[in-house]
Structure formats: C-alpha cells, structure tokens
Amino acid sequence: MTGGGPGGAAIFTDTHAHLSYIADRPGEAALDAMLRAYTAASEAGSRAILVDPGVEAEDFAGRAERFGHLSFVRLAAGIWPSKRALDDPERALALLAPHVADIRCRAIGECGPDYHHMNASREAQRRLFEGQLALAESHRKPVIVHSRDAAADTIDIIAAAQLSVPVIIHCFGYGPAEAERLLSLGCMLSFAGNVTYKSASVLREACLSVPEERLLLETDAPYMNPLPARGKPSTSLDIERTYRYIAELRGTSPEALSALVARNARALFGG
C-alpha cells in the first residue's frame with residue numbers, strides 16, 4: 001500500500017484507467033476525488049501511478065492537456081477498433097502517428113482485435129493492429145493490447161511482429177493456455193476487477209501462472225468494478241479490492257503486491 005485516499009483508503013497503481021470516461025461516468029466529482037487522493041499520496045511519497053490509454057486517433061491532445069501535468073499519470077496514444085477507425089485504418093494510423101511521437105506519450109494503445117463487437121472484418125482489424133505495433137516498434141514504446149474473443153489471432157499477430165518493445169495484454173480475459181502462450185512471447189498480463197467474479201475461475205487460474213515480473217493490475221475504469229460493486233461504474237480507488245483479492249489468491253500481502261505492480265509499471269511507463 002502506498003499512501004492514503006478518502007477515509008484512509010490505500011492508493012494503488014492502476015495500469016489502465018480511462019480518466020476522461022470516469023469524468024462522464026461516474027462523473028466529475030468522482031474523478032476529482034480520485035485525483036485528489038492520488039495527488040496527496042504522490043506528495044506523501046507514493047510510487048503508485050495511473051496509466052490513461054488512448055482509444056481514438058486524435059484523443060491524445062485533450063487528455064494530455066487535462067491530465068499531463070499530474071506527476072503520477074502516464075499517457076498512452078492508441079486506437080481501439082471502432083467502426084470509424086476501421087472504415088479507413090490507414091487514415092486513422094496517419095492521424096495517430098504525431099501523437100505517438102509526443103514525448104508525453106509513454107505507450108501505444110489500447111489497440112488490438114475485438115471479435116465481440118466485430119466493427120469490421122478481421123483483415124481491417126489486423127491492419128489497424130499491425131500498424132500500431134509498427135508504430136510502437138519504431139518509436140521504442142510499449143504497446144497496450146486490447147483483445148476480446150480473439151485470442152488466436154492476437155497471439156499470431158504478436159508472434160509474427162517479433163517486437164523488441166514490451167507488450168501488455170490489458171484486461172486479460174482468457175485462460176491458462178492462452179496465458180502460457182502469451183508469456184512465452186514475452187508479454188505482460190494485466191488483470192482487472194473481473195478476476196473477482198464468481199464465473200472467472202479460468203482467469204484466476206491464469207493469474208496464478210504469471211511470474212511476478214510479468215504481472216500488472218488495472219481497473220479499466222469506469223468498467224470492470226470488482227465485487228461487491230460489479231456493474232457499477234468504477235474509479236481507480238476501487239482497485240484496492242482487486243489487489244486484496246489477488247494478494248490472497250497468490251499467497252502474498254497487499255503491501256507486497258502493491259510494491260511489485262508499481263515497480264513493474266514504472267519500468268514500463270517511466271519512473
């Protein structure tokens with residue numbers, strides 16, 4: 001645990017939180033309370049950081065202006081596979097490129113195939129994903145991967161890319177076999193609040209298989225609120241329950257897990 005939040009709550013690293021989305025739901029008051037808590041913890045010496053990913057080709061500048069001054073925030077730029085982006089992947093990538101080059105951009109993403117929403121063909125999604133992997137490699141920045149119902153293609157594309165930069169599988173949603181394959185490719189695996197859900201036994205099994213140096217935790221806020229608040233919008237303050245749950249699952253303490261994830265995250269996104 002690293003610092004205190006509202007009511008003495010501990011402050012933990014959150015490697016994937018959509019700060020501008022939190023402003024919409026649960027709202028500005030919740031976002032302000034969260035940022036005040038992280039600011040106070042940072043001023044008190046906390047090592048916890050927040051990673052704010054991109055989802056649209058041109059959303060970086062606005063997020064950088066609003067959150068870039070916060071010492072504990074790390075910004076990424078990326079394109080989630082929306083219909084708009086997939087209608088013209090090459091144009092979307094051209095719009096993204098200057099933001100990736102920005103010194104304030106610490107990673108590329110979130111990006112990757114989503115066959116649940118299936119906003120375009122697999123080929124269009126592959127082009128958009130591969131283009132962002134190429135940007136990550138050329139700019140020597142980590143890549144944050146979104147993968148939903150697309151494990152096989154995600155693994156194949158990452159393997160073929162032969163990246164020399166770190167790859168983070170955000171909100172890991174598969175089982176131990178997929179975890180093993182992704183770990184063999186050198187990926188980091190990040191677990192969200194859904195690991196606490198009763199139906200998530202395969203996630204828990206996968207989480208147990210991840211070496212300490214490859215483990216990250218996140219909220220995907222305002223989504224994936226851990227139990228007992230499943231279905232309610234989340235903020236990064238909710239991640240404490242995920243840390244406590246995974247610490248017990250892995251046979252460690254929340255304090256040790258907090259230090260571990262903070263160390264891993266700072267190594268990836270900058271200290």
# chains A, B, ... in the order shown; residues from 1 in each chain; ligands from 1
call {"tool": "select_by_dssp", "arguments": {"residues": "range 50-206 of chain A", "states": "alpha helix (DSSP H)", "output": "number ranges by chain"}}
result
A: 60-67, 83-87, 89-100, 122-139, 151-161, 176-184, 201-206
call {"tool": "write_last_selection", "arguments": {"atoms": "C-alpha atoms", "output": "compact mmCIF listing (two decimals), in the first residue's frame"}}
result
# COMPACT_ATOMS: atom_id res chain seq x y z
CA PHE A 60 -4.34 12.38 -27.04
CA ALA A 61 -4.03 16.17 -27.07
CA GLY A 62 -7.11 16.75 -24.94
CA ARG A 63 -6.11 14.14 -22.40
CA ALA A 64 -2.56 15.45 -22.26
CA GLU A 65 -3.81 18.98 -21.63
CA ARG A 66 -6.11 17.87 -18.83
CA PHE A 67 -4.04 15.18 -17.12
CA LYS A 83 -16.20 1.32 -36.77
CA ARG A 84 -14.95 4.83 -37.50
CA ALA A 85 -11.31 3.82 -37.32
CA LEU A 86 -11.83 0.55 -39.18
CA ASP A 87 -13.59 2.26 -42.09
CA PRO A 89 -7.34 2.13 -40.94
CA GLU A 90 -4.59 3.87 -42.90
CA ARG A 91 -6.11 7.30 -42.30
CA ALA A 92 -6.58 6.53 -38.60
CA LEU A 93 -2.94 5.47 -38.30
CA ALA A 94 -1.77 8.65 -40.05
CA LEU A 95 -3.74 10.74 -37.57
CA LEU A 96 -2.31 8.80 -34.64
CA ALA A 97 1.36 8.94 -35.66
CA PRO A 98 2.19 12.50 -34.49
CA HIS A 99 0.70 11.82 -31.06
CA VAL A 100 2.78 8.68 -30.68
CA ARG A 122 -10.74 -9.44 -39.29
CA GLU A 123 -8.49 -8.15 -42.05
CA ALA A 124 -9.33 -4.50 -41.32
CA GLN A 125 -8.75 -5.10 -37.62
CA ARG A 126 -5.44 -6.79 -38.37
CA ARG A 127 -4.25 -3.80 -40.44
CA LEU A 128 -5.14 -1.36 -37.67
CA PHE A 129 -3.44 -3.52 -35.04
CA GLU A 130 -0.32 -4.24 -37.08
CA GLY A 131 0.05 -0.56 -37.90
CA GLN A 132 0.08 0.34 -34.23
CA LEU A 133 2.54 -2.44 -33.42
CA ALA A 134 4.82 -0.96 -36.08
CA LEU A 135 4.50 2.49 -34.51
CA ALA A 136 5.36 1.04 -31.12
CA GLU A 137 8.45 -0.62 -32.53
CA SER A 138 9.64 2.41 -34.48
CA HIS A 139 9.19 4.76 -31.52
CA ALA A 151 -7.04 -14.98 -28.62
CA ALA A 152 -5.70 -17.00 -31.55
CA ASP A 153 -5.35 -14.03 -33.91
CA THR A 154 -3.91 -11.83 -31.17
CA ILE A 155 -1.24 -14.41 -30.41
CA ASP A 156 -0.46 -14.97 -34.10
CA ILE A 157 -0.13 -11.25 -34.85
CA ILE A 158 2.10 -10.56 -31.85
CA ALA A 159 4.26 -13.57 -32.66
CA ALA A 160 4.65 -12.51 -36.28
CA ALA A 161 5.54 -8.93 -35.33
CA PRO A 176 -4.16 -20.55 -18.58
CA ALA A 177 -3.31 -21.97 -22.03
CA GLU A 178 -3.52 -18.55 -23.66
CA ALA A 179 -1.61 -17.05 -20.73
CA GLU A 180 1.17 -19.58 -21.21
CA ARG A 181 1.46 -18.79 -24.92
CA LEU A 182 1.47 -15.03 -24.39
CA LEU A 183 4.01 -15.31 -21.60
CA SER A 184 6.21 -17.37 -23.92
CA SER A 201 -12.25 -19.39 -12.43
CA VAL A 202 -10.12 -19.57 -15.60
CA LEU A 203 -8.91 -16.02 -15.02
CA ARG A 204 -7.87 -16.90 -11.51
CA GLU A 205 -6.04 -19.98 -12.76
CA ALA A 206 -4.25 -17.86 -15.35
call {"tool": "residues_around", "arguments": {"residues": "Asp14 in chain A", "least_positions_apart": "5", "cutoff": "7 Å", "atoms": "only C-alpha atoms", "output": "list in words"}}
result
Ile49, Leu50, Val51, Leu217, Glu218, Thr219 and Ser236 of chain A
call {"tool": "closest_residue", "arguments": {"among": "A:Ser258, A:Ser121, A:Ser71, A:Ser209", "to": "Gly270 in chain A", "atoms": "only C-alpha atoms"}}
result
A:Ser71
call {"tool": "atom_distance", "arguments": {"atom1": "CA of Val145 in chain A", "atom2": "CA of Ala101 in chain A"}}
result
18.6 Å
call {"tool": "closest_residue", "arguments": {"among": "A:Cys187, A:Ala29, A:Leu215, A:Ser199", "to": "Ala265 in chain A", "atoms": "only C-alpha atoms"}}
result
A:Leu215
call {"tool": "atom_distance", "arguments": {"atom1": "CA of Gly193 in chain A", "atom2": "CA of Ala120 in chain A"}}
result
28.1 Å
call {"tool": "atom_distance", "arguments": {"atom1": "CA of Ala17 in chain A", "atom2": "CA of Arg214 in chain A"}}
result
18.9 Å
call {"tool": "closest_residue", "arguments": {"among": "A:Pro142, A:Gly68, A:Pro228, A:Pro81", "to": "Tyr115 in chain A", "atoms": "only C-alpha atoms"}}
result
A:Pro81
call {"tool": "closest_residue", "arguments": {"among": "A:Ala44, A:Leu19, A:Ala229, A:Ile79", "to": "Ala57 in chain A", "atoms": "only C-alpha atoms"}}
result
A:Ile79
call {"tool": "closest_residue", "arguments": {"among": "A:Ile22, A:Ala192, A:Ile11, A:Leu185", "to": "Ala41 in chain A", "atoms": "only C-alpha atoms"}}
result
A:Ile11
call {"tool": "closest_residue", "arguments": {"among": "A:Glu58, A:Glu255, A:Asp149, A:Asp88", "to": "Gly112 in chain A", "atoms": "only C-alpha atoms"}}
result
A:Asp149
call {"tool": "residues_around", "arguments": {"residues": "Leu260 in chain A", "least_positions_apart": "3", "cutoff": "9 Å", "atoms": "only C-alpha atoms", "output": "mmCIF file with all heavy atoms, in the first residue's frame"}}
result
data_model
loop_
_atom_site.group_PDB
_atom_site.id
_atom_site.type_symbol
_atom_site.label_atom_id
_atom_site.label_comp_id
_atom_site.auth_asym_id
_atom_site.auth_seq_id
_atom_site.Cartn_x
_atom_site.Cartn_y
_atom_site.Cartn_z
ATOM 1 N N GLU A 212 6.017 -12.945 -11.216
ATOM 2 C CA GLU A 212 5.902 -11.630 -10.591
ATOM 3 C C GLU A 212 6.283 -10.506 -11.542
ATOM 4 O O GLU A 212 5.619 -9.464 -11.597
ATOM 5 C CB GLU A 212 6.773 -11.562 -9.336
ATOM 6 C CG GLU A 212 6.250 -12.357 -8.161
ATOM 7 C CD GLU A 212 7.054 -12.108 -6.903
ATOM 8 O OE1 GLU A 212 8.139 -11.479 -6.997
ATOM 9 O OE2 GLU A 212 6.606 -12.525 -5.819
ATOM 10 N N GLU A 213 7.358 -10.700 -12.298
ATOM 11 C CA GLU A 213 7.861 -9.623 -13.145
ATOM 12 C C GLU A 213 7.008 -9.377 -14.382
ATOM 13 O O GLU A 213 7.231 -8.422 -15.121
ATOM 14 C CB GLU A 213 9.303 -9.913 -13.566
ATOM 15 C CG GLU A 213 9.476 -11.099 -14.500
ATOM 16 C CD GLU A 213 9.580 -12.445 -13.780
ATOM 17 O OE1 GLU A 213 9.296 -12.506 -12.564
ATOM 18 O OE2 GLU A 213 9.950 -13.434 -14.452
ATOM 19 N N LEU A 215 3.445 -9.329 -14.082
ATOM 20 C CA LEU A 215 2.088 -9.101 -13.575
ATOM 21 C C LEU A 215 1.775 -7.614 -13.445
ATOM 22 O O LEU A 215 2.574 -6.848 -12.895
ATOM 23 C CB LEU A 215 1.928 -9.779 -12.212
ATOM 24 C CG LEU A 215 0.557 -9.648 -11.532
ATOM 25 C CD1 LEU A 215 -0.521 -10.382 -12.340
ATOM 26 C CD2 LEU A 215 0.633 -10.194 -10.107
ATOM 27 N N LEU A 216 0.600 -7.235 -13.945
ATOM 28 C CA LEU A 216 0.060 -5.889 -13.774
ATOM 29 C C LEU A 216 -1.394 -5.995 -13.338
ATOM 30 O O LEU A 216 -2.049 -7.011 -13.603
ATOM 31 C CB LEU A 216 0.149 -5.089 -15.066
ATOM 32 C CG LEU A 216 1.549 -4.827 -15.631
ATOM 33 C CD1 LEU A 216 1.444 -4.224 -17.026
ATOM 34 C CD2 LEU A 216 2.345 -3.916 -14.714
ATOM 35 N N GLU A 255 0.446 -5.206 0.522
ATOM 36 C CA GLU A 255 1.598 -4.301 0.508
ATOM 37 C C GLU A 255 2.671 -4.784 -0.471
ATOM 38 O O GLU A 255 3.209 -4.000 -1.262
ATOM 39 C CB GLU A 255 2.189 -4.182 1.914
ATOM 40 C CG GLU A 255 1.290 -3.502 2.915
ATOM 41 C CD GLU A 255 0.286 -4.441 3.574
ATOM 42 O OE1 GLU A 255 0.232 -5.640 3.189
ATOM 43 O OE2 GLU A 255 -0.442 -3.986 4.461
ATOM 44 N N ALA A 256 2.967 -6.080 -0.430
ATOM 45 C CA ALA A 256 3.976 -6.624 -1.342
ATOM 46 C C ALA A 256 3.508 -6.568 -2.787
ATOM 47 O O ALA A 256 4.284 -6.248 -3.699
ATOM 48 C CB ALA A 256 4.319 -8.055 -0.943
ATOM 49 N N LEU A 257 2.243 -6.874 -3.016
ATOM 50 C CA LEU A 257 1.698 -6.833 -4.372
ATOM 51 C C LEU A 257 1.683 -5.407 -4.902
ATOM 52 O O LEU A 257 1.995 -5.164 -6.079
ATOM 53 C CB LEU A 257 0.290 -7.430 -4.384
ATOM 54 C CG LEU A 257 -0.381 -7.584 -5.743
ATOM 55 C CD1 LEU A 257 0.432 -8.492 -6.665
ATOM 56 C CD2 LEU A 257 -1.801 -8.123 -5.576
ATOM 57 N N ARG A 263 6.424 -1.261 -9.231
ATOM 58 C CA ARG A 263 7.759 -1.421 -9.807
ATOM 59 C C ARG A 263 7.669 -1.851 -11.270
ATOM 60 O O ARG A 263 8.361 -1.303 -12.142
ATOM 61 C CB ARG A 263 8.540 -2.452 -8.996
ATOM 62 C CG ARG A 263 9.978 -2.645 -9.453
ATOM 63 C CD ARG A 263 10.773 -3.436 -8.431
ATOM 64 N NE ARG A 263 10.271 -4.796 -8.235
ATOM 65 C CZ ARG A 263 9.663 -5.228 -7.130
ATOM 66 N NH1 ARG A 263 9.447 -4.412 -6.104
ATOM 67 N NH2 ARG A 263 9.254 -6.484 -7.029
ATOM 68 N N ASN A 264 6.820 -2.830 -11.562
ATOM 69 C CA ASN A 264 6.653 -3.283 -12.944
ATOM 70 C C ASN A 264 6.133 -2.162 -13.841
ATOM 71 O O ASN A 264 6.604 -1.980 -14.973
ATOM 72 C CB ASN A 264 5.686 -4.469 -12.995
ATOM 73 C CG ASN A 264 6.275 -5.740 -12.407
ATOM 74 O OD1 ASN A 264 7.472 -5.842 -12.171
ATOM 75 N ND2 ASN A 264 5.419 -6.725 -12.147
ATOM 76 N N ALA A 265 5.141 -1.419 -13.333
ATOM 77 C CA ALA A 265 4.523 -0.363 -14.141
ATOM 78 C C ALA A 265 5.503 0.766 -14.412
ATOM 79 O O ALA A 265 5.579 1.298 -15.527
ATOM 80 C CB ALA A 265 3.274 0.164 -13.431
#
call {"tool": "select_by_dssp", "arguments": {"residues": "range 143-190 of chain A", "states": "strand (DSSP E)", "output": "number ranges by chain"}}
result
A: 143-145, 167-169, 188-190
